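Here is query21.txt, consisting of compact mmCIF, C-alpha atoms and all ligand atoms:
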# COMPACT_ATOMS: atom_id res chain seq x y z
CA MET A 180 0.00 0.00 0.00
CA SER A 181 1.26 3.48 -0.84
CA PHE A 182 0.85 4.75 2.75
CA GLN A 183 3.02 1.94 4.18
CA GLY A 184 5.78 3.08 6.50
CA ILE A 185 5.09 6.77 6.19
CA SER A 186 4.87 8.68 9.44
CA ASP A 187 3.33 11.92 8.25
CA MET A 188 3.84 14.54 10.95
CA THR A 189 2.91 17.27 8.50
CA ARG A 190 -0.69 16.22 8.77
CA ASN A 191 -2.72 17.52 11.67
CA ILE A 192 -6.16 16.04 11.41
CA ARG A 193 -8.08 17.46 14.34
CA LEU A 194 -10.69 15.40 16.12
CA SER A 195 -13.11 18.30 15.93
CA LYS A 196 -13.00 22.05 15.40
CA SER A 197 -15.04 25.19 14.92
CA VAL A 198 -15.56 26.33 11.33
CA ILE A 199 -15.66 30.13 11.30
CA GLY A 200 -15.89 32.42 8.27
CA GLU A 201 -15.84 36.12 7.48
CA GLU A 202 -19.55 36.34 8.34
CA GLU A 203 -19.02 35.43 12.01
CA LYS A 204 -15.99 37.76 12.23
CA ARG A 205 -17.97 40.67 10.77
CA ALA A 206 -20.91 39.98 13.08
CA VAL A 207 -18.70 40.00 16.18
CA LEU A 208 -17.02 43.23 15.04
CA GLY A 209 -20.48 44.75 14.64
CA VAL A 210 -21.29 43.97 18.28
CA LEU A 211 -17.90 45.29 19.42
CA ASP A 212 -18.42 48.49 17.43
CA ARG A 213 -21.84 49.07 19.03
CA GLU A 214 -20.26 48.53 22.44
CA MET A 215 -23.27 46.59 23.79
CA LEU A 216 -21.67 43.29 24.60
CA GLY A 217 -23.94 41.75 27.22
CA MET A 218 -27.36 40.23 26.72
CA GLY A 219 -29.47 42.32 24.35
CA SER A 220 -30.83 42.53 20.83
CA GLU A 221 -28.55 39.90 19.23
CA VAL A 222 -29.60 37.33 21.84
CA GLU A 223 -33.25 38.15 21.14
CA GLU A 224 -32.61 37.81 17.39
CA PHE A 225 -30.86 34.44 17.85
CA GLU A 226 -33.75 33.18 19.98
CA ILE A 227 -36.28 34.26 17.34
CA ALA A 228 -34.24 32.49 14.63
CA LEU A 229 -34.05 29.32 16.74
CA GLN A 230 -37.80 29.51 17.41
CA GLY A 231 -38.30 29.60 13.64
CA PHE A 232 -36.08 26.54 13.32
CA PHE A 233 -37.79 24.44 16.01
CA HIS A 234 -41.29 25.98 15.91
CA ARG A 235 -41.11 26.04 19.71
CA SER A 236 -40.07 28.49 22.43
CA VAL A 237 -36.36 28.92 23.09
CA ALA A 238 -34.25 30.36 25.91
CA CYS A 239 -30.55 30.89 25.15
CA VAL A 240 -28.08 30.41 27.97
CA THR A 241 -24.35 30.47 28.53
CA ASN A 242 -23.66 26.78 27.80
CA GLY A 243 -25.28 23.40 27.36
CA THR A 244 -24.56 22.30 30.92
CA VAL A 245 -26.43 25.29 32.34
CA ALA A 246 -29.25 24.59 29.84
CA LEU A 247 -29.63 21.10 31.38
CA GLN A 248 -29.45 22.41 34.94
CA LEU A 249 -31.96 25.24 34.43
CA ALA A 250 -34.32 22.93 32.50
CA LEU A 251 -34.28 20.46 35.41
CA GLU A 252 -34.78 23.21 37.98
CA GLY A 253 -37.52 24.68 35.82
CA CYS A 254 -39.38 21.34 36.11
CA GLY A 255 -39.09 21.53 39.88
CA VAL A 256 -36.29 18.97 40.14
CA GLY A 257 -34.44 19.51 43.41
CA PRO A 258 -32.86 17.88 46.46
CA GLY A 259 -33.82 14.24 46.97
CA ASP A 260 -35.23 13.82 43.46
CA GLU A 261 -33.81 11.22 41.09
CA VAL A 262 -32.96 11.77 37.43
CA VAL A 263 -32.31 8.71 35.25
CA VAL A 264 -29.45 9.25 32.81
CA PRO A 265 -27.26 6.93 30.71
CA SER A 266 -23.84 6.35 32.24
CA LEU A 267 -22.26 6.63 28.78
CA THR A 268 -22.41 10.41 28.43
CA TYR A 269 -20.42 13.55 28.97
CA ILE A 270 -19.79 14.31 32.64
CA ALA A 271 -21.78 17.54 32.05
CA CYS A 272 -25.06 15.64 32.51
CA PHE A 273 -24.03 14.43 35.94
CA GLN A 274 -22.77 17.85 37.00
CA ALA A 275 -26.02 19.48 35.84
CA ILE A 276 -28.14 16.99 37.79
CA THR A 277 -26.14 17.37 40.99
CA ALA A 278 -26.01 21.17 40.54
CA ALA A 279 -29.81 21.06 40.66
CA GLY A 280 -29.46 19.17 43.95
CA ALA A 281 -30.79 15.92 42.49
CA ILE A 282 -29.37 12.38 42.37
CA PRO A 283 -28.22 10.91 39.03
CA VAL A 284 -29.43 7.33 38.55
CA CYS A 285 -27.31 5.51 35.97
CA CYS A 286 -28.96 3.63 33.16
CA ASP A 287 -27.65 1.18 30.56
CA ILE A 288 -27.69 1.63 26.78
CA ASP A 289 -28.80 -0.26 23.70
CA GLU A 290 -25.83 -1.81 21.98
CA SER A 291 -26.91 -0.85 18.46
CA THR A 292 -27.31 2.91 19.04
CA LEU A 293 -25.38 3.47 22.32
CA THR A 294 -28.36 5.50 23.57
CA MET A 295 -30.55 4.96 26.67
CA SER A 296 -32.13 1.52 26.85
CA PRO A 297 -35.90 1.87 27.39
CA LYS A 298 -35.93 -1.57 29.00
CA ASP A 299 -33.26 -0.66 31.53
CA LEU A 300 -34.88 2.74 32.08
CA SER A 301 -38.09 1.04 33.20
CA LYS A 302 -36.09 -0.83 35.88
CA ARG A 303 -34.49 2.39 37.18
CA ILE A 304 -37.70 4.37 37.72
CA THR A 305 -38.73 4.75 41.37
CA LYS A 306 -41.22 6.91 43.28
CA ARG A 307 -38.48 9.54 43.51
CA THR A 308 -37.82 9.76 39.76
CA LYS A 309 -38.63 13.33 38.77
CA ALA A 310 -37.02 13.45 35.32
CA ILE A 311 -35.41 11.31 32.63
CA MET A 312 -32.43 12.58 30.65
CA PRO A 313 -31.89 10.65 27.41
CA VAL A 314 -28.67 11.54 25.59
CA HIS A 315 -28.65 11.61 21.77
CA TYR A 316 -25.20 10.01 21.51
CA ALA A 317 -23.33 11.05 18.34
CA GLY A 318 -26.53 12.76 17.12
CA ASP A 319 -28.73 9.67 17.27
CA PRO A 320 -31.99 10.13 19.22
CA GLY A 321 -32.24 6.33 19.45
CA ASN A 322 -35.44 5.06 21.04
CA LEU A 323 -36.65 8.53 22.00
CA GLN A 324 -40.30 7.78 21.17
CA GLN A 325 -40.34 4.73 23.46
CA ILE A 326 -38.78 6.79 26.24
CA LEU A 327 -41.36 9.56 25.76
CA ASP A 328 -44.10 6.92 25.98
CA ILE A 329 -42.72 5.50 29.24
CA ALA A 330 -42.44 9.02 30.70
CA ALA A 331 -45.98 9.96 29.63
CA GLU A 332 -47.37 6.84 31.28
CA LYS A 333 -45.51 7.52 34.54
CA LYS A 334 -46.02 11.32 34.36
CA ILE A 335 -42.29 12.04 34.52
CA ARG A 336 -40.62 14.98 32.74
CA ILE A 337 -38.09 14.38 29.95
CA VAL A 338 -35.08 16.68 29.58
CA GLU A 339 -33.30 15.56 26.42
CA ASP A 340 -29.56 16.12 26.25
CA ALA A 341 -29.57 17.00 22.56
CA ALA A 342 -26.07 18.54 22.67
CA HIS A 343 -24.93 16.16 19.89
CA ALA A 344 -28.14 16.30 17.92
CA PHE A 345 -28.69 19.82 16.60
CA GLY A 346 -30.61 19.28 13.34
CA SER A 347 -31.04 15.51 13.73
CA LYS A 348 -34.41 13.93 13.09
CA CYS A 349 -36.21 11.09 14.82
CA GLN A 350 -38.53 9.20 12.48
CA GLY A 351 -38.60 12.28 10.24
CA ARG A 352 -39.30 14.79 13.05
CA LEU A 353 -36.71 17.39 14.06
CA VAL A 354 -35.23 16.78 17.53
CA GLY A 355 -36.44 19.64 19.75
CA SER A 356 -39.64 20.18 17.74
CA PHE A 357 -41.55 17.50 19.67
CA GLY A 358 -41.41 15.83 23.07
CA ASP A 359 -41.10 17.69 26.38
CA ILE A 360 -37.85 19.67 26.78
CA ALA A 361 -34.66 19.53 24.69
CA CYS A 362 -31.33 21.12 25.60
CA PHE A 363 -28.66 21.99 23.04
CA SER A 364 -25.03 23.08 23.32
CA PHE A 365 -23.33 25.61 21.03
CA ASP A 366 -19.83 25.09 22.37
CA GLY A 367 -16.96 25.45 19.92
CA ILE A 368 -17.15 21.99 18.38
CA LYS A 369 -20.88 21.27 18.24
CA ASN A 370 -22.95 21.10 15.02
CA ILE A 371 -23.31 24.87 15.25
CA THR A 372 -21.46 27.11 17.70
CA SER A 373 -21.85 30.47 19.38
CA GLY A 374 -18.38 30.27 20.91
CA GLU A 375 -19.80 28.83 24.07
CA GLY A 376 -23.55 28.73 24.49
CA GLY A 377 -26.63 26.60 24.72
CA CYS A 378 -30.41 26.70 24.69
CA VAL A 379 -33.53 25.15 26.16
CA VAL A 380 -36.35 24.34 23.73
CA SER A 381 -39.91 23.46 24.75
CA ASN A 382 -43.56 24.15 24.11
CA ASP A 383 -44.03 24.59 27.87
CA LEU A 384 -44.08 28.39 27.93
CA ASP A 385 -44.00 28.58 31.73
CA LEU A 386 -40.87 26.44 31.79
CA ILE A 387 -39.16 28.68 29.21
CA GLU A 388 -40.15 31.77 31.24
CA ARG A 389 -38.66 30.21 34.37
CA VAL A 390 -35.41 29.50 32.52
CA LYS A 391 -35.36 33.09 31.21
CA THR A 392 -35.74 34.38 34.75
CA SER A 393 -33.25 32.05 36.40
CA ARG A 394 -30.54 32.76 33.80
CA LEU A 395 -30.53 36.40 34.98
CA LEU A 396 -30.07 35.86 38.72
CA GLY A 397 -33.77 35.06 39.15
CA ILE A 398 -34.86 38.64 38.35
CA PRO A 399 -38.31 38.52 36.69
CA ASN A 400 -38.74 40.10 33.23
CA ASP A 401 -35.12 41.24 32.97
CA SER A 402 -34.76 39.37 29.63
CA LEU A 403 -37.50 41.54 28.10
CA LYS A 404 -35.88 44.74 29.34
CA ARG A 405 -32.41 43.80 28.14
CA ALA A 406 -33.70 43.19 24.61
CA LYS A 407 -34.71 46.89 24.68
CA GLY A 408 -31.34 47.96 26.10
CA GLU A 409 -32.74 48.45 29.61
CA ARG A 410 -32.38 46.56 32.85
CA THR A 411 -33.96 46.12 36.24
CA TRP A 412 -32.72 48.26 39.13
CA LEU A 413 -35.31 47.67 41.84
CA PHE A 414 -35.86 43.98 42.56
CA CYS A 415 -39.00 42.25 43.72
CA ASN A 416 -40.23 38.64 43.48
CA VAL A 417 -36.66 37.48 42.87
CA THR A 418 -36.32 33.66 42.78
CA ARG A 419 -33.20 31.50 42.95
CA GLY A 420 -31.10 31.91 39.84
CA CYS A 421 -27.62 32.11 38.38
CA ARG A 422 -25.59 34.10 35.87
CA GLY A 423 -26.53 31.87 32.97
CA HIS A 424 -27.43 34.27 30.16
CA MET A 425 -25.92 34.49 26.68
CA SER A 426 -23.98 37.55 25.48
CA ASN A 427 -24.52 39.51 22.25
CA ILE A 428 -21.05 38.43 21.08
CA MET A 429 -22.02 34.79 21.38
CA ALA A 430 -25.42 35.29 19.78
CA ALA A 431 -23.88 37.18 16.84
CA ILE A 432 -21.74 34.10 16.06
CA GLY A 433 -24.71 31.78 16.59
CA ILE A 434 -26.94 33.71 14.16
CA GLU A 435 -24.38 33.31 11.35
CA GLN A 436 -23.74 29.65 12.19
CA LEU A 437 -27.46 28.87 12.07
CA ARG A 438 -27.57 30.33 8.53
CA LYS A 439 -24.82 27.88 7.56
CA PHE A 440 -26.37 24.91 9.31
CA GLU A 441 -27.77 23.15 6.21
CA LYS A 442 -24.33 23.30 4.60
CA PHE A 443 -22.57 21.97 7.72
CA ALA A 444 -25.16 19.19 8.11
CA LYS A 445 -24.76 18.02 4.52
CA ILE A 446 -20.97 17.84 4.88
CA ARG A 447 -21.12 15.98 8.22
CA LYS A 448 -23.54 13.42 6.77
CA GLU A 449 -21.43 12.90 3.65
CA LEU A 450 -18.22 12.52 5.63
CA ALA A 451 -19.73 10.00 8.06
CA SER A 452 -21.16 7.99 5.16
CA TYR A 453 -17.75 8.07 3.48
CA TYR A 454 -16.12 6.74 6.68
CA ASP A 455 -18.64 3.87 6.64
CA GLU A 456 -17.58 3.08 3.07
CA VAL A 457 -13.81 3.39 3.66
CA LEU A 458 -13.91 1.30 6.86
CA SER A 459 -16.30 -1.36 5.56
CA ASN A 460 -13.53 -3.82 4.69
CA ASN A 461 -11.38 -3.15 7.76
CA ALA A 462 -11.66 -6.31 9.90
CA TYR A 463 -10.33 -4.47 12.99
CA VAL A 464 -13.20 -2.00 13.32
CA ARG A 465 -16.95 -2.32 13.59
CA ILE A 466 -19.03 0.49 12.18
CA LEU A 467 -22.05 1.77 14.10
CA ARG A 468 -24.65 1.78 11.32
CA ARG A 469 -26.61 5.00 11.51
CA ASN A 470 -29.24 6.44 9.22
CA TYR A 471 -27.62 9.63 7.96
CA ALA A 472 -30.77 10.63 6.11
CA ASP A 473 -32.09 11.58 9.56
CA ILE A 474 -29.02 11.93 11.75
CA VAL A 475 -26.58 14.86 11.68
CA PRO A 476 -23.48 13.20 13.16
CA HIS A 477 -21.65 15.24 15.79
CA ILE A 478 -18.93 12.64 16.34
CA TYR A 479 -17.91 9.55 14.37
CA VAL A 480 -17.44 6.58 16.68
CA VAL A 481 -16.32 3.05 15.77
CA ARG A 482 -15.81 -0.06 17.88
CA ILE A 483 -12.39 -1.67 17.58
CA THR A 484 -12.09 -5.44 17.72
CA ASN A 485 -8.94 -5.40 19.89
CA PRO A 486 -9.85 -3.07 22.77
CA GLU A 487 -6.69 -3.94 24.73
CA ASN A 488 -4.71 -2.10 22.03
CA ARG A 489 -6.77 1.09 22.11
CA GLU A 490 -4.30 3.42 23.83
CA THR A 491 -1.34 2.20 21.72
CA LEU A 492 -3.41 2.54 18.60
CA ARG A 493 -4.40 6.08 19.56
CA GLN A 494 -0.73 6.97 20.11
CA GLN A 495 0.27 5.58 16.75
CA LEU A 496 -2.53 7.43 14.98
CA ARG A 497 -1.33 10.58 16.73
CA MET A 498 2.12 10.01 15.19
CA SER A 499 0.43 9.85 11.80
CA GLY A 500 -1.11 13.24 12.50
CA ILE A 501 -4.52 11.92 13.51
CA GLN A 502 -6.26 13.02 16.72
CA THR A 503 -8.75 10.58 18.22
CA GLY A 504 -11.04 10.60 21.24
CA VAL A 505 -12.92 8.35 23.64
CA HIS A 506 -16.61 9.17 24.16
CA TYR A 507 -17.09 8.56 27.07
CA GLN A 508 -15.69 7.07 30.22
CA PRO A 509 -18.85 5.66 31.85
CA ASN A 510 -19.84 7.93 34.73
CA HIS A 511 -20.88 5.07 37.03
CA LEU A 512 -17.21 3.99 37.02
CA ILE A 513 -15.98 7.43 38.15
CA ARG A 514 -15.88 7.12 41.95
CA SER A 515 -16.08 10.81 42.72
CA ILE A 516 -19.19 11.14 40.55
CA CYS A 517 -20.93 7.90 41.58
CA PRO A 518 -19.74 6.75 44.99
CA PRO A 519 -20.04 3.02 45.74
CA PRO A 520 -22.06 0.88 45.93
CA VAL A 521 -22.42 0.90 42.15
CA TYR A 522 -24.52 -1.64 40.28
CA PRO A 523 -23.22 -3.11 37.02
CA LEU A 524 -24.36 -1.83 33.63
CA PRO A 525 -23.34 -4.77 31.43
CA ILE A 526 -23.72 -3.25 27.98
CA THR A 527 -22.05 0.05 28.88
CA GLU A 528 -19.15 -1.83 30.49
CA SER A 529 -18.66 -4.24 27.60
CA VAL A 530 -18.92 -1.56 24.90
CA PHE A 531 -16.78 1.16 26.48
CA PRO A 532 -13.28 -0.38 26.01
CA SER A 533 -13.90 -0.76 22.27
CA LEU A 534 -15.04 2.82 21.57
CA LEU A 535 -12.83 5.02 19.44
CA THR A 536 -13.81 8.41 18.04
CA LEU A 537 -12.29 9.42 14.70
CA PRO A 538 -11.95 13.01 13.41
CA LEU A 539 -15.14 14.65 12.15
CA HIS A 540 -15.79 18.31 11.36
CA PRO A 541 -16.89 20.23 8.25
CA ASP A 542 -13.30 21.09 7.21
CA LEU A 543 -12.31 17.42 7.03
CA THR A 544 -11.71 16.14 3.46
CA LYS A 545 -12.30 12.79 1.82
CA SER A 546 -8.54 12.46 1.46
CA ASP A 547 -8.19 12.92 5.26
CA ILE A 548 -10.69 10.10 5.76
CA GLU A 549 -8.76 7.85 3.36
CA TRP A 550 -5.60 8.58 5.35
CA VAL A 551 -7.37 7.80 8.66
CA GLY A 552 -8.72 4.58 7.15
CA ALA A 553 -5.30 3.52 5.86
CA MET A 554 -3.50 4.28 9.13
CA LEU A 555 -6.19 2.56 11.17
CA LEU A 556 -5.83 -0.58 9.06
CA LYS A 557 -2.02 -0.55 8.99
CA ASN A 558 -1.54 0.04 12.73
CA SER A 559 -4.27 -2.39 13.79
CA ALA A 560 -2.83 -5.13 11.57
CA GLU A 561 0.71 -4.54 12.85
CA MET A 562 -0.35 -4.71 16.48
CA VAL A 563 -2.24 -7.95 15.98
CA GLY A 564 0.82 -9.33 14.13
CA GLN A 565 3.05 -8.49 17.10
CA SER A 566 0.87 -9.97 19.84
C1 LIG B 1 -21.25 19.42 24.89
C2 LIG B 1 -22.09 18.55 25.72
C3 LIG B 1 -22.80 19.01 26.83
C4 LIG B 1 -22.61 20.34 27.50
O1 LIG B 1 -22.52 21.41 26.72
P1 LIG B 1 -21.55 22.64 27.07
O2 LIG B 1 -22.08 23.70 26.16
O3 LIG B 1 -20.17 22.22 26.73
O4 LIG B 1 -21.73 22.97 28.51
C5 LIG B 1 -23.68 18.14 27.45
N1 LIG B 1 -23.82 16.88 27.04
C6 LIG B 1 -23.13 16.38 26.00
C7 LIG B 1 -23.36 14.96 25.60
C8 LIG B 1 -22.23 17.19 25.32
O5 LIG B 1 -21.51 16.68 24.31
Represent the structure of the file as C-alpha cells.
Ligand SMILES: *Cc1c(COP(=O)(O)O)cnc(C)c1O
Amino acid sequence: MSFQGISDMTRNIRLSKSVIGEEEKRAVLGVLDREMLGMGSEVEEFEIALQGFFHRSVACVTNGTVALQLALEGCGVGPGDEVVVPSLTYIACFQAITAAGAIPVCCDIDESTLTMSPKDLSKRITKRTKAIMPVHYAGDPGNLQQILDIAAEKKIRIVEDAAHAFGSKCQGRLVGSFGDIACFSFDGIKNITSGEGGCVVSNDLDLIERVKTSRLLGIPNDSLKRAKGERTWLFCNVTRGCRGHMSNIMAAIGIEQLRKFEKFAKIRKELASYYDEVLSNNAYVRILRRNYADIVPHIYVVRITNPENRETLRQQLRMSGIQTGVHYQPNHLIRSICPPPVYPLPITESVFPSLLTLPLHPDLTKSDIEWVGAMLLKNSAEMVGQS
C-alpha cells in the first residue's frame, strides 16, 4: 500500500474544530463596534431564529450544561429527586443533575445505538424519579419515542440532552420540535457554535419563562428589558437563579452559524457515510450503522475489535497526524461522581473499552478520511501481528 511506512507529521487532522468564516468575524465586530456586549438585541434575534427553526419556544443560555441544569430546575427537580441518565455520556449531565441538587441514577444503553435503553430505564424508575435525561449520543436520538411513551405513562418529565443532535431527526421529526424539553449546546465543536452557548427548547411556555428568569439571577422580566437595552434596578419577586445568560457576542456568532447549518449538516452526513464506506472492509473495526438521512453526526465513533490495544493505537494514529477521542468514560465507574455501591451496567461496560472516536468536522476532506482509514488498518494489523 502506498501509505506503508510513512509517518506523516505534516498532517494535523483534528478530532473536531469550529468552522468560522468572514460572516461570524464581521458579526462580532459589529457587536464590538456598538459597544453593547452583554445580553441584548442579538440574543433576542438568535432566539427568534431558533424559534423559527424548532417551531417552539427557546431560551438561550451560557452553555449546554447550564441549559440542562436550568431545565431540570424549571421542572421543579431539586434535592432528593432522582434523574435517570445513561452512564455513557459527557460528565456535564451528571454535574447538571447534581447542581440542581438531584441524584443521578445511571442507566444502561442499547448496543446498536449506544443510547438509553428503554428496557433498563423502566427498571431504574422509582417513586423519587422526577425526570429522565436521554442523551442523543453522536446525534442519534435512538429510542426517543419509546422513552417519551414511558415518561408519559408515569407522568415524569423528559429533559433531552440533545447537545450532539442539533438538526437531527427522529422518524422524520426534528429533535427539539416534539417531546417535552430539549437542551442543546453551542460550544466550539458542536454542530453549530456560538463560541460557548446553549439553549432550552420546549412548548411549555411557563418552563421557558422560568429558565429566562433564572438565567438572569432570578430577576423577573429582565430578559425583556435587556432586549430593549434596559435593565432592572429595583428587585422584587426574585427567585433563585444564576448568571446563565448568553452575550450579544455569542449570539452574533450563533446567528451566522445557524444560517450555515444546512451546509454543515450536509458535509457531516457525507463525511460519516464516506467513513462507513472506507472502513467497511477493515476487519479491525466495527461500524455503528446509523441512518444519515435523519441523523446529523456530531462525532464519528467506531468499535475496535482489539480493545486492549486502544491506547497504543491512539498513540500511533497521533504520530500519523490523527487526533482521536474516547466518548465517554462511563460515569458510574468514576468514583467521585458515583460513589459506591455501584450496580453493574453490562452493555455500557462491555462496549466502552472498544469505543474510538475518529476526526469529524466540516473542514475534514475525503482524502483525510482515506488517510485515517489507511493508518487505522495498517496500525491495527501490525499490532495484531506483534501480539
Ligand atoms: C457538549 C455537551 C454538553 C454540554 O454542553 P456545554 O455547552 O459544553 O456545557 C452536554 N452533554 C453532552 C453529551 C455534550 O456533548
Surroundings of ligand LIG 1 (chain B) up to 10 Å, based on only C-alpha atoms and all ligand atoms, as number ranges by chain
A: 240-247, 267-275, 313-318, 339-344, 362-369, 372-378, 477-478, 506-507
For the residues in that selection, give me C-alpha atoms as a PDB file, keeping the file's coordinate frame.
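Saved to again.pdb:
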ATOM      1  CA  VAL A 240     -28.080  30.410  27.970  1.00  0.00           C
ATOM      2  CA  THR A 241     -24.350  30.470  28.530  1.00  0.00           C
ATOM      3  CA  ASN A 242     -23.660  26.780  27.800  1.00  0.00           C
ATOM      4  CA  GLY A 243     -25.280  23.400  27.360  1.00  0.00           C
ATOM      5  CA  THR A 244     -24.560  22.300  30.920  1.00  0.00           C
ATOM      6  CA  VAL A 245     -26.430  25.290  32.340  1.00  0.00           C
ATOM      7  CA  ALA A 246     -29.250  24.590  29.840  1.00  0.00           C
ATOM      8  CA  LEU A 247     -29.630  21.100  31.380  1.00  0.00           C
ATOM      9  CA  LEU A 267     -22.260   6.630  28.780  1.00  0.00           C
ATOM     10  CA  THR A 268     -22.410  10.410  28.430  1.00  0.00           C
ATOM     11  CA  TYR A 269     -20.420  13.550  28.970  1.00  0.00           C
ATOM     12  CA  ILE A 270     -19.790  14.310  32.640  1.00  0.00           C
ATOM     13  CA  ALA A 271     -21.780  17.540  32.050  1.00  0.00           C
ATOM     14  CA  CYS A 272     -25.060  15.640  32.510  1.00  0.00           C
ATOM     15  CA  PHE A 273     -24.030  14.430  35.940  1.00  0.00           C
ATOM     16  CA  GLN A 274     -22.770  17.850  37.000  1.00  0.00           C
ATOM     17  CA  ALA A 275     -26.020  19.480  35.840  1.00  0.00           C
ATOM     18  CA  PRO A 313     -31.890  10.650  27.410  1.00  0.00           C
ATOM     19  CA  VAL A 314     -28.670  11.540  25.590  1.00  0.00           C
ATOM     20  CA  HIS A 315     -28.650  11.610  21.770  1.00  0.00           C
ATOM     21  CA  TYR A 316     -25.200  10.010  21.510  1.00  0.00           C
ATOM     22  CA  ALA A 317     -23.330  11.050  18.340  1.00  0.00           C
ATOM     23  CA  GLY A 318     -26.530  12.760  17.120  1.00  0.00           C
ATOM     24  CA  GLU A 339     -33.300  15.560  26.420  1.00  0.00           C
ATOM     25  CA  ASP A 340     -29.560  16.120  26.250  1.00  0.00           C
ATOM     26  CA  ALA A 341     -29.570  17.000  22.560  1.00  0.00           C
ATOM     27  CA  ALA A 342     -26.070  18.540  22.670  1.00  0.00           C
ATOM     28  CA  HIS A 343     -24.930  16.160  19.890  1.00  0.00           C
ATOM     29  CA  ALA A 344     -28.140  16.300  17.920  1.00  0.00           C
ATOM     30  CA  CYS A 362     -31.330  21.120  25.600  1.00  0.00           C
ATOM     31  CA  PHE A 363     -28.660  21.990  23.040  1.00  0.00           C
ATOM     32  CA  SER A 364     -25.030  23.080  23.320  1.00  0.00           C
ATOM     33  CA  PHE A 365     -23.330  25.610  21.030  1.00  0.00           C
ATOM     34  CA  ASP A 366     -19.830  25.090  22.370  1.00  0.00           C
ATOM     35  CA  GLY A 367     -16.960  25.450  19.920  1.00  0.00           C
ATOM     36  CA  ILE A 368     -17.150  21.990  18.380  1.00  0.00           C
ATOM     37  CA  LYS A 369     -20.880  21.270  18.240  1.00  0.00           C
ATOM     38  CA  THR A 372     -21.460  27.110  17.700  1.00  0.00           C
ATOM     39  CA  SER A 373     -21.850  30.470  19.380  1.00  0.00           C
ATOM     40  CA  GLY A 374     -18.380  30.270  20.910  1.00  0.00           C
ATOM     41  CA  GLU A 375     -19.800  28.830  24.070  1.00  0.00           C
ATOM     42  CA  GLY A 376     -23.550  28.730  24.490  1.00  0.00           C
ATOM     43  CA  GLY A 377     -26.630  26.600  24.720  1.00  0.00           C
ATOM     44  CA  CYS A 378     -30.410  26.700  24.690  1.00  0.00           C
ATOM     45  CA  HIS A 477     -21.650  15.240  15.790  1.00  0.00           C
ATOM     46  CA  ILE A 478     -18.930  12.640  16.340  1.00  0.00           C
ATOM     47  CA  HIS A 506     -16.610   9.170  24.160  1.00  0.00           C
ATOM     48  CA  TYR A 507     -17.090   8.560  27.070  1.00  0.00           C
TER      49      TYR A 507
END
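Nearest residue to A:Gln502, choosing from A:Val563, A:His424, A:Arg514, A:Leu537 and counting all atoms listed in the file: A:Leu537.
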Quick one: of A:Ser499, A:Ser426, A:Asn382, A:Thr491, who's nearest to A:Leu395, counting all atoms listed in the file?
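The answer is A:Ser426, which sits nearest to A:Leu395.
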Could you make a table, as CSV, of the residues of stretch 245-332 of chain A that have an atom within 12 Å of an atom of stretch 412-420 of chain A, each with its nearest atom pair and distance in Å to one decimal, counting only C-alpha atoms, in chain and number order?
residue,atom,partner,partner_atom,distance
A:Val245,CA,A:Gly420,CA,11.0
A:Gln248,CA,A:Gly420,CA,10.8
A:Leu249,CA,A:Gly420,CA,8.6
A:Glu252,CA,A:Gly420,CA,9.6
A:Gly253,CA,A:Gly420,CA,10.5
A:Gly255,CA,A:Arg419,CA,12.0
A:Ala278,CA,A:Gly420,CA,11.9
A:Ala279,CA,A:Gly420,CA,11.0
Can you write out the residues you just picked, keeping C-alpha atoms, as a PDB file, in the frame of the given file?
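Produced file result31.pdb, reproduced below:
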ATOM      1  CA  VAL A 245     -26.430  25.290  32.340  1.00  0.00           C
ATOM      2  CA  GLN A 248     -29.450  22.410  34.940  1.00  0.00           C
ATOM      3  CA  LEU A 249     -31.960  25.240  34.430  1.00  0.00           C
ATOM      4  CA  GLU A 252     -34.780  23.210  37.980  1.00  0.00           C
ATOM      5  CA  GLY A 253     -37.520  24.680  35.820  1.00  0.00           C
ATOM      6  CA  GLY A 255     -39.090  21.530  39.880  1.00  0.00           C
ATOM      7  CA  ALA A 278     -26.010  21.170  40.540  1.00  0.00           C
ATOM      8  CA  ALA A 279     -29.810  21.060  40.660  1.00  0.00           C
TER       9      ALA A 279
END
Using only C-alpha atoms, can you tell me which of A:Ile360, A:Val551, A:Met425, A:Cys239 comes closest to A:Val457?
A:Val551
I'd like the neighbourhood of A:Arg482 as a list of chain:residue names, where a residue qualifies if any of its atoms comes within 10 Å (using all atoms listed in the file), though same-chain residues fewer than 2 positions away should be ignored.
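Here the answer would be A:Tyr463, A:Val464, A:Arg465, A:Ile466, A:Leu467, A:Val480, A:Thr484, A:Asn485, A:Pro486, A:Val530, A:Phe531, A:Pro532, A:Ser533, A:Leu534, A:Leu535, A:Thr536.
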